There are 2 protein chains.
Amino acid sequence: MINQLYNTSLSLLTDLYQLTMAYGYWKAGKAEQEAVFNLYFRKHPFQGGFTIACGLSSVVDYLSEYRFSEEDLAYVGSITGNDGEKLFEPGFLDYLKNIEFACSIDAIPEGTTVFPNEPLLRIQGPILQCQLLETPLLNLINFQSLIATKAARMRLVAKDDTLLEFGLRRAQGPDGGVTASRAAYIGGFDATSNVLAGKLYDIPVKGTHAHSWVMSFNSELESFETYAQYMPNNVTLLVDTYDSLNGVRHAIKVGNLLRERGYDLGGIRLDSGDLAYLSIEARKLLDDAGFEKTNIVASNDLDEHIMDSLKIQGAKINVWGIGTKLVTAYDQPALGGVYKLAAIRSESGEWDYKLKLSEQAIKVSTPGIQQVRRFKDTKGFVSDMIFNIETPATGKATMVDPYDFTRNRSFSESTSFEDLLVPIFVKGYLVYKMPSVHETRDRVQEQLSNFHKGIKRFVNPHTYPVGLEKGLFDMKTSLILKLRAANES
Amino acid sequence: MINQLYNTSLSLLTDLYQLTMAYGYWKAGKAEQEAVFNLYFRKHPFQGGFTIACGLSSVVDYLSEYRFSEEDLAYVGSITGNDGEKLFEPGFLDYLKNIEFACSIDAIPEGTTVFPNEPLLRIQGPILQCQLLETPLLNLINFQSLIATKAARMRLVAKDDTLLEFGLRRAQGPDGGVTASRAAYIGGFDATSNVLAGKLYDIPVKGTHAHSWVMSFNSELESFETYAQYMPNNVTLLVDTYDSLNGVRHAIKVGNLLRERGYDLGGIRLDSGDLAYLSIEARKLLDDAGFEKTNIVASNDLDEHIMDSLKIQGAKINVWGIGTKLVTAYDQPALGGVYKLAAIRSESGEWDYKLKLSEQAIKVSTPGIQQVRRFKDTKGFVSDMIFNIETPATGKATMVDPYDFTRNRSFSESTSFEDLLVPIFVKGYLVYKMPSVHETRDRVQEQLSNFHKGIKRFVNPHTYPVGLEKGLFDMKTSLILKLRAANES
């Protein structure tokens, strides 16, 4: 789906430092050394209690056509260092030219509820390739997971109301809009106004009309009548060009004309003013005129908090048009996903586990070839355990809170669970069948329904327990102590 | 540059309601009626005092290949209404198929400092075409102007320091990154880490290395030595993988080795911890070892406010690597640009001026075929006047504050000025030669230097005076009164 959109090889969609490191690995004879990196985030967006994984289908698409074109290589060959001399020698360009994607990737499927420190994606392969892919993988997964999560939060408030995504005009570029439309649909929206997204991703498209339609006629009533005349099966009338409640009265007149022709008034849209007051008054006007089934659509810088507030105020809105705050994830426009080296194959063939130190515990990375085990009971999911697949627990599994080693919990062998990461690529070969966007959308709701409601509230959500398997915790601890000691000496 | 990036016809990069309105205009016999729309914003982003116009080159690119492909039309033809019936009849698809872009566009050149209510772009032509273009024009100009403005704010703080854009991994999709890299360069950045942006837009690319490089070796020192061995002309060493000041000591060792070989240590990079303290200590260590010219690069969630604070604390940073907060415009990730109908040609051939009412004065649009006149004196620009080119002031020009009619100011005929909007397309033909990205970058600094420093401060910036020419103000007022009266009757 990414290659569908872009007209250029995207192999250079990476940071220059990935290329300089790749060059260094190549010069040092380490290019093919096997490495493992984990892609994860450290904190839920929006001060929330959950995140929805999204972006894997773009990753698959991206990697399926991964190669450096002649034009790419000519450009890379032209890059100079501080002294104006070329950075890369020709042999390296030949190496890039002959690269075939050869990594194995395991990932958590799109639409899954995920938590901090869990690897959304694990890549294993030649360190040079893993390194080059850091930037595009983060770019694709960070943004789409962010938007799917934002949309899922809005769905929680909307319950059975209709959610329409209207964000393209304020999105961060064409792709910022098109990709957001898909992620919003996955997160629980019903349709988008974005026609290109509808065409590319099989998402329903919906729309009303703008103020300019009304203004281009001599009167609002004339504009409504004309619209209804030509699109009688799609009549949602924007009523606030001059005065919202007057607009509703004009819409009712047109609704009566529609009924005479065997159609009905689909909806009215409020786009400014006090949406709680206006929707209640509009509902009364519509109901009194016999238009009980006509929808009341509202738009105007809405987000999940404003929706919540409107519902508490008794607003009679049953279709929500949401744009800017959704497609830019306005209150937190980036997910801070990171990509960390976790192991490297030593010359003896053993894994050499790796971590990055930091003064802040939250920023110390976790080593190991990681998998996530999600335990469940009859009521739903109860906790997730990150473990090293090279040293899985046998018998009873014990997990430790990574930020408070005094807290731990154990699960007997009979506790049911699922392991979240599934194989996507094996040594460069795609082995995963991507579900449809509709299946992924269903997965979001099915997943969320299995979690305690505490993680889904907006204010001080419950922290779902995610621990490190005890063996992995102990290995991490001893590695930290070893590195700290080496630094003091 | 947009068509360079995308692999698909972008004619459907619009909201469905633009298509339904287009259909309505077509059915009502109004498709070719001549209309004028203005694209403008109502408020500066980031609570600032200025905005930088950006995105026009994408607009030109977009419109230069504007057409509906067979695939587009097949998709449009398949869209259904609420009852499952097709929305559009075949004759309309034929009309779309034969559309040739025929509008005239005047716009303010990229890199110009602009203010609320000023038309960044004015489009005149068949109302159907103007309507379809609303969404893509807003999408392209909103985002790019936002990022260029954010970058210009950072340049104000950085003064002569080097600014590097590192945002791709957290950007809103691939294009969100690539386009932001260009806008950031225009706004005053020196280079980007984004290799694809470098290739596509002729922007310098720069980079260092990541923690994973260091972690992949047995020791930090070994990793630094290896890097310096193979890229001696590009050595900026990331020192915080284990302990920042220890890292600086290792970098100095490598710097001495480089000097023996006739090279020098380009820089060290700090990426965590107390950047004020660490940069001051690092500077001392470097200076004491004779590395006075080695750069100190800092990164880690920086924005213009943190930069300002670090400078006040005496931080010894002279190269700033800025990512997320820049490319997503983190504290305000969308510019609220709008696109409003301002006039329509009546059957008699006269302009019928149009405005949208609102309870909020700031949301009442301004009618007219607008141009912006920027007056200047010997010290720089003094105020901007929006006027209707159909009724230009003769002799002395008087402008009125649109939100307080008691405030006005006059300019004699001898006051020098420039009119900001220039012709871009005339009836569909491109008549504008786009400056290079480097010329546009220079224009930003040249423009800003001509404004009083009060508009450039971050806290309570001065409001630069922008008024409506008195004739236009009076016309707007009488139109408002007429519409309000019509609504009350």
# chains A, B, ... in the order shown; residues from 1 in each chain; ligands from 1

call {"tool": "residues_around", "arguments": {"residues": "Ala397 (chain A)", "least_positions_apart": "6", "cutoff": "8 Å", "atoms": "only C-alpha atoms", "output": "list in words"}}
result
Ser410, Phe411, Ser412, Glu413, Glu469 and Lys470 of chain A

call {"tool": "select_by_dssp", "arguments": {"residues": "region 329-447 of chain A", "states": "strand (DSSP E or B)", "output": "compact mmCIF listing (two decimals) with N, CA and C atoms, in the first residue's frame"}}
result
# COMPACT_ATOMS: atom_id res chain seq x y z
N VAL A 338 10.92 3.41 19.44
CA VAL A 338 12.37 3.32 19.27
C VAL A 338 12.72 1.93 18.73
N TYR A 339 13.99 1.76 18.39
CA TYR A 339 14.45 0.56 17.67
C TYR A 339 15.81 0.27 18.24
N LYS A 340 15.91 -0.78 19.02
CA LYS A 340 17.15 -0.98 19.77
C LYS A 340 17.79 -2.33 19.50
N LEU A 341 19.09 -2.30 19.38
CA LEU A 341 19.86 -3.53 19.21
C LEU A 341 19.74 -4.35 20.49
N ALA A 342 19.40 -5.64 20.35
CA ALA A 342 19.16 -6.48 21.53
C ALA A 342 20.08 -7.69 21.59
N ALA A 343 20.68 -8.05 20.47
CA ALA A 343 21.61 -9.18 20.45
C ALA A 343 22.40 -9.15 19.15
N ILE A 344 23.57 -9.72 19.23
CA ILE A 344 24.41 -9.82 18.04
C ILE A 344 25.11 -11.18 18.11
N ARG A 345 25.24 -11.84 16.97
CA ARG A 345 25.81 -13.18 16.94
C ARG A 345 27.33 -13.06 17.05
N TRP A 351 24.74 -15.96 21.03
CA TRP A 351 24.20 -14.61 21.06
C TRP A 351 24.94 -13.79 22.09
N ASP A 352 25.33 -12.61 21.69
CA ASP A 352 25.92 -11.65 22.60
C ASP A 352 24.82 -10.62 22.86
N TYR A 353 24.22 -10.65 24.06
CA TYR A 353 23.07 -9.78 24.32
C TYR A 353 23.52 -8.34 24.57
N GLN A 370 13.11 -11.25 21.67
CA GLN A 370 11.91 -11.15 22.50
C GLN A 370 10.62 -11.61 21.83
N GLN A 371 9.78 -12.21 22.67
CA GLN A 371 8.43 -12.60 22.31
C GLN A 371 7.53 -12.12 23.46
N VAL A 372 6.26 -11.91 23.17
CA VAL A 372 5.32 -11.47 24.22
C VAL A 372 4.26 -12.55 24.42
N ARG A 373 4.12 -13.00 25.66
CA ARG A 373 3.11 -14.00 25.98
C ARG A 373 1.97 -13.32 26.73
N ARG A 374 0.76 -13.43 26.17
CA ARG A 374 -0.41 -12.78 26.80
C ARG A 374 -1.25 -13.86 27.48
N PHE A 375 -1.29 -13.77 28.80
CA PHE A 375 -2.05 -14.75 29.58
C PHE A 375 -3.51 -14.32 29.68
N LYS A 376 -4.40 -15.31 29.70
CA LYS A 376 -5.82 -14.96 29.83
C LYS A 376 -6.54 -15.91 30.77
N ASP A 377 -7.60 -15.39 31.35
CA ASP A 377 -8.49 -16.26 32.11
C ASP A 377 -9.87 -16.17 31.48
N GLY A 380 -10.91 -12.61 30.34
CA GLY A 380 -10.15 -11.86 29.34
C GLY A 380 -8.67 -11.92 29.63
N PHE A 381 -7.95 -10.93 29.09
CA PHE A 381 -6.49 -10.92 29.24
C PHE A 381 -6.10 -10.41 30.62
N VAL A 382 -5.09 -11.04 31.22
CA VAL A 382 -4.71 -10.64 32.58
C VAL A 382 -3.32 -10.03 32.70
N SER A 383 -2.38 -10.51 31.89
CA SER A 383 -1.07 -9.84 31.87
C SER A 383 -0.20 -10.37 30.75
N ASP A 384 0.78 -9.56 30.40
CA ASP A 384 1.70 -9.90 29.31
C ASP A 384 3.09 -10.12 29.89
N MET A 385 3.79 -11.09 29.35
CA MET A 385 5.15 -11.39 29.81
C MET A 385 6.09 -11.37 28.60
N ILE A 386 7.11 -10.52 28.68
CA ILE A 386 8.13 -10.47 27.62
C ILE A 386 9.21 -11.49 27.97
N PHE A 387 9.53 -12.38 27.05
CA PHE A 387 10.57 -13.37 27.35
C PHE A 387 11.52 -13.52 26.17
N ASN A 388 12.65 -14.14 26.45
CA ASN A 388 13.68 -14.39 25.44
C ASN A 388 13.41 -15.78 24.87
N ALA A 397 5.73 -20.05 34.98
CA ALA A 397 6.38 -18.85 34.46
C ALA A 397 6.25 -17.72 35.49
N THR A 398 7.37 -17.10 35.78
CA THR A 398 7.34 -15.96 36.71
C THR A 398 7.77 -14.71 35.98
N MET A 399 6.99 -13.64 36.15
CA MET A 399 7.38 -12.38 35.52
C MET A 399 7.60 -11.31 36.59
N VAL A 400 8.53 -10.39 36.28
CA VAL A 400 8.96 -9.37 37.23
C VAL A 400 8.61 -8.00 36.65
N ASP A 401 8.10 -7.11 37.52
CA ASP A 401 7.87 -5.72 37.11
C ASP A 401 9.22 -5.09 36.77
N ASP A 404 10.19 -2.34 39.28
CA ASP A 404 10.16 -2.61 40.72
C ASP A 404 10.32 -4.11 40.91
N PHE A 405 11.57 -4.52 41.12
CA PHE A 405 11.87 -5.96 41.10
C PHE A 405 11.22 -6.70 42.26
N THR A 406 10.67 -5.95 43.24
CA THR A 406 10.02 -6.64 44.36
C THR A 406 8.63 -7.14 43.99
N ARG A 407 8.12 -6.68 42.84
CA ARG A 407 6.78 -7.09 42.42
C ARG A 407 6.90 -8.16 41.34
N ASN A 408 6.28 -9.29 41.57
CA ASN A 408 6.26 -10.29 40.51
C ASN A 408 5.01 -11.16 40.62
N ARG A 409 4.71 -11.89 39.57
CA ARG A 409 3.59 -12.81 39.61
C ARG A 409 3.91 -14.04 38.75
N SER A 410 3.27 -15.15 39.12
CA SER A 410 3.57 -16.41 38.45
C SER A 410 2.32 -16.99 37.81
N PHE A 411 2.55 -17.76 36.77
CA PHE A 411 1.45 -18.44 36.07
C PHE A 411 1.80 -19.91 35.94
N SER A 416 -3.91 -20.41 30.22
CA SER A 416 -3.91 -20.30 28.77
C SER A 416 -3.30 -18.96 28.34
N PHE A 417 -2.74 -18.94 27.15
CA PHE A 417 -2.02 -17.76 26.68
C PHE A 417 -1.94 -17.78 25.17
N GLU A 418 -1.57 -16.65 24.61
CA GLU A 418 -1.14 -16.66 23.22
C GLU A 418 0.14 -15.85 23.10
N ASP A 419 1.01 -16.25 22.17
CA ASP A 419 2.22 -15.49 21.91
C ASP A 419 1.93 -14.52 20.78
N VAL A 422 4.09 -12.95 15.45
CA VAL A 422 3.98 -14.05 14.49
C VAL A 422 4.97 -13.81 13.35
N PRO A 423 5.39 -14.86 12.67
CA PRO A 423 6.38 -14.68 11.59
C PRO A 423 5.76 -13.91 10.41
N ILE A 424 6.48 -12.92 9.94
CA ILE A 424 6.04 -12.13 8.79
C ILE A 424 6.97 -12.43 7.60
N PHE A 425 8.26 -12.26 7.81
CA PHE A 425 9.25 -12.64 6.81
C PHE A 425 10.18 -13.68 7.44
N VAL A 426 10.55 -14.69 6.67
CA VAL A 426 11.60 -15.61 7.10
C VAL A 426 12.73 -15.50 6.09
N TYR A 429 11.72 -13.92 2.91
CA TYR A 429 10.50 -14.40 2.24
C TYR A 429 9.27 -14.08 3.07
N LEU A 430 8.29 -13.51 2.41
CA LEU A 430 7.03 -13.19 3.07
C LEU A 430 6.27 -14.48 3.36

call {"tool": "interface_residues", "arguments": {"of": "chain B", "to": "chain A", "cutoff": "6 Å", "atoms": "only C-alpha atoms", "output": "number ranges by chain"}}
result
B: 5-7, 12-17, 81-82, 135, 138-140, 143, 169-170, 172-173, 175-176, 193-196, 207-209, 212, 233-234, 242, 330, 333-334, 341, 357

call {"tool": "write_last_selection", "arguments": {"atoms": "C-alpha atoms", "output": "mmCIF file, in the first residue's frame"}}
result
data_model
loop_
_atom_site.group_PDB
_atom_site.id
_atom_site.type_symbol
_atom_site.label_atom_id
_atom_site.label_comp_id
_atom_site.auth_asym_id
_atom_site.auth_seq_id
_atom_site.Cartn_x
_atom_site.Cartn_y
_atom_site.Cartn_z
ATOM 1 C CA LEU B 5 6.744 11.513 -4.940
ATOM 2 C CA TYR B 6 3.396 9.910 -5.672
ATOM 3 C CA ASN B 7 2.632 7.027 -7.948
ATOM 4 C CA LEU B 12 -9.114 12.114 -5.917
ATOM 5 C CA LEU B 13 -7.088 13.658 -3.109
ATOM 6 C CA THR B 14 -10.208 15.538 -2.119
ATOM 7 C CA ASP B 15 -13.264 15.211 0.102
ATOM 8 C CA LEU B 16 -16.291 13.386 -1.223
ATOM 9 C CA TYR B 17 -18.405 16.473 -0.610
ATOM 10 C CA GLY B 81 -25.544 6.933 -1.521
ATOM 11 C CA ASN B 82 -27.447 6.004 1.628
ATOM 12 C CA THR B 135 -9.063 20.105 -0.128
ATOM 13 C CA LEU B 138 -5.455 23.394 1.897
ATOM 14 C CA ASN B 139 -3.641 20.141 2.559
ATOM 15 C CA LEU B 140 -0.493 21.254 0.734
ATOM 16 C CA PHE B 143 1.201 21.665 6.486
ATOM 17 C CA ARG B 169 11.368 8.438 12.199
ATOM 18 C CA ARG B 170 8.624 10.269 14.076
ATOM 19 C CA GLN B 172 3.506 11.606 10.048
ATOM 20 C CA GLY B 173 4.274 9.082 7.322
ATOM 21 C CA ASP B 175 5.680 12.233 2.948
ATOM 22 C CA GLY B 176 5.139 13.870 6.337
ATOM 23 C CA SER B 193 19.234 13.531 7.924
ATOM 24 C CA ASN B 194 16.536 12.449 5.434
ATOM 25 C CA VAL B 195 18.371 11.013 2.435
ATOM 26 C CA LEU B 196 15.307 10.869 0.190
ATOM 27 C CA GLY B 207 24.392 12.587 9.986
ATOM 28 C CA THR B 208 26.372 11.088 12.819
ATOM 29 C CA HIS B 209 25.817 7.549 14.129
ATOM 30 C CA SER B 212 23.505 0.657 17.960
ATOM 31 C CA ASN B 233 36.296 13.271 7.134
ATOM 32 C CA ASN B 234 32.916 12.892 8.845
ATOM 33 C CA TYR B 242 27.083 4.401 28.436
ATOM 34 C CA TYR B 330 4.401 19.164 18.045
ATOM 35 C CA PRO B 333 0.345 20.082 14.566
ATOM 36 C CA ALA B 334 -2.091 21.780 12.172
ATOM 37 C CA LEU B 341 -16.014 31.729 -1.555
ATOM 38 C CA LEU B 357 -21.727 34.759 8.565
#

call {"tool": "atom_distance", "arguments": {"atom1": "CA of Tyr62 (chain B)", "atom2": "CA of Tyr201 (chain B)"}}
result
16.0 Å

call {"tool": "closest_residue", "arguments": {"among": "B:Leu310, B:Ala31, B:Leu93, B:Ala152", "to": "Ser449 (chain B)", "atoms": "only C-alpha atoms"}}
result
B:Ala152

call {"tool": "residues_around", "arguments": {"residues": "Leu121 (chain B)", "least_positions_apart": "4", "cutoff": "9 Å", "atoms": "only C-alpha atoms", "output": "list in words"}}
result
Phe37, Asn38, Leu39, Tyr40, Leu56, Ile105, Asp106, Ala107, Ile108, Leu137 and Leu421 of chain B

call {"tool": "select_by_dssp", "arguments": {"residues": "region 279-479 of chain B", "states": "helix (DSSP H, G or I)", "output": "VMD selection string"}}
result
chain B and resid 279 to 288 304 to 312 324 to 327 361 to 363 437 to 449 453 to 456 470 to 479

call {"tool": "atom_distance", "arguments": {"atom1": "CA of Ser64 (chain B)", "atom2": "CA of Gly91 (chain B)"}}
result
25.0 Å

call {"tool": "residues_around", "arguments": {"residues": "Glu304 (chain A)", "least_positions_apart": "5", "cutoff": "7 Å", "atoms": "only C-alpha atoms", "output": "list in words"}}
result
Arg153, Met154 and Val157 of chain A

call {"tool": "write_last_selection", "arguments": {"atoms": "all heavy atoms", "output": "compact mmCIF listing (two decimals), in the first residue's frame"}}
result
# COMPACT_ATOMS: atom_id res chain seq x y z
N ARG A 153 -9.94 5.46 20.72
CA ARG A 153 -10.42 6.23 21.88
C ARG A 153 -11.75 6.91 21.54
O ARG A 153 -12.66 6.98 22.36
CB ARG A 153 -9.37 7.27 22.28
CG ARG A 153 -8.12 6.66 22.89
CD ARG A 153 -6.95 7.63 22.94
NE ARG A 153 -7.20 8.83 23.72
CZ ARG A 153 -7.03 8.91 25.04
NH1 ARG A 153 -6.61 7.87 25.72
NH2 ARG A 153 -7.28 10.05 25.68
N MET A 154 -11.83 7.45 20.32
CA MET A 154 -13.08 8.11 19.91
C MET A 154 -14.22 7.10 19.80
O MET A 154 -15.35 7.38 20.18
CB MET A 154 -12.86 8.86 18.60
CG MET A 154 -11.90 10.05 18.80
SD MET A 154 -11.36 10.82 17.27
CE MET A 154 -10.45 12.25 17.95
N VAL A 157 -15.90 6.41 23.12
CA VAL A 157 -16.89 7.42 23.52
C VAL A 157 -18.14 7.33 22.65
O VAL A 157 -19.27 7.45 23.14
CB VAL A 157 -16.32 8.85 23.39
CG1 VAL A 157 -17.35 9.87 23.84
CG2 VAL A 157 -15.05 8.99 24.20

call {"tool": "atom_distance", "arguments": {"atom1": "CA of Thr113 (chain B)", "atom2": "CA of Val319 (chain B)"}}
result
25.7 Å

call {"tool": "residues_around", "arguments": {"residues": "Asp160 (chain B)", "least_positions_apart": "2", "cutoff": "12 Å", "atoms": "only C-alpha atoms", "output": "PyMOL selection string"}}
result
chain B and resi 154-158+162-163+188-190+317-320

call {"tool": "residues_around", "arguments": {"residues": "His438 (chain B)", "least_positions_apart": "4", "cutoff": "9 Å", "atoms": "only C-alpha atoms", "output": "list in words"}}
result
Tyr185, Ile186, Asp202, Ile203, Asp442 and Arg443 of chain B
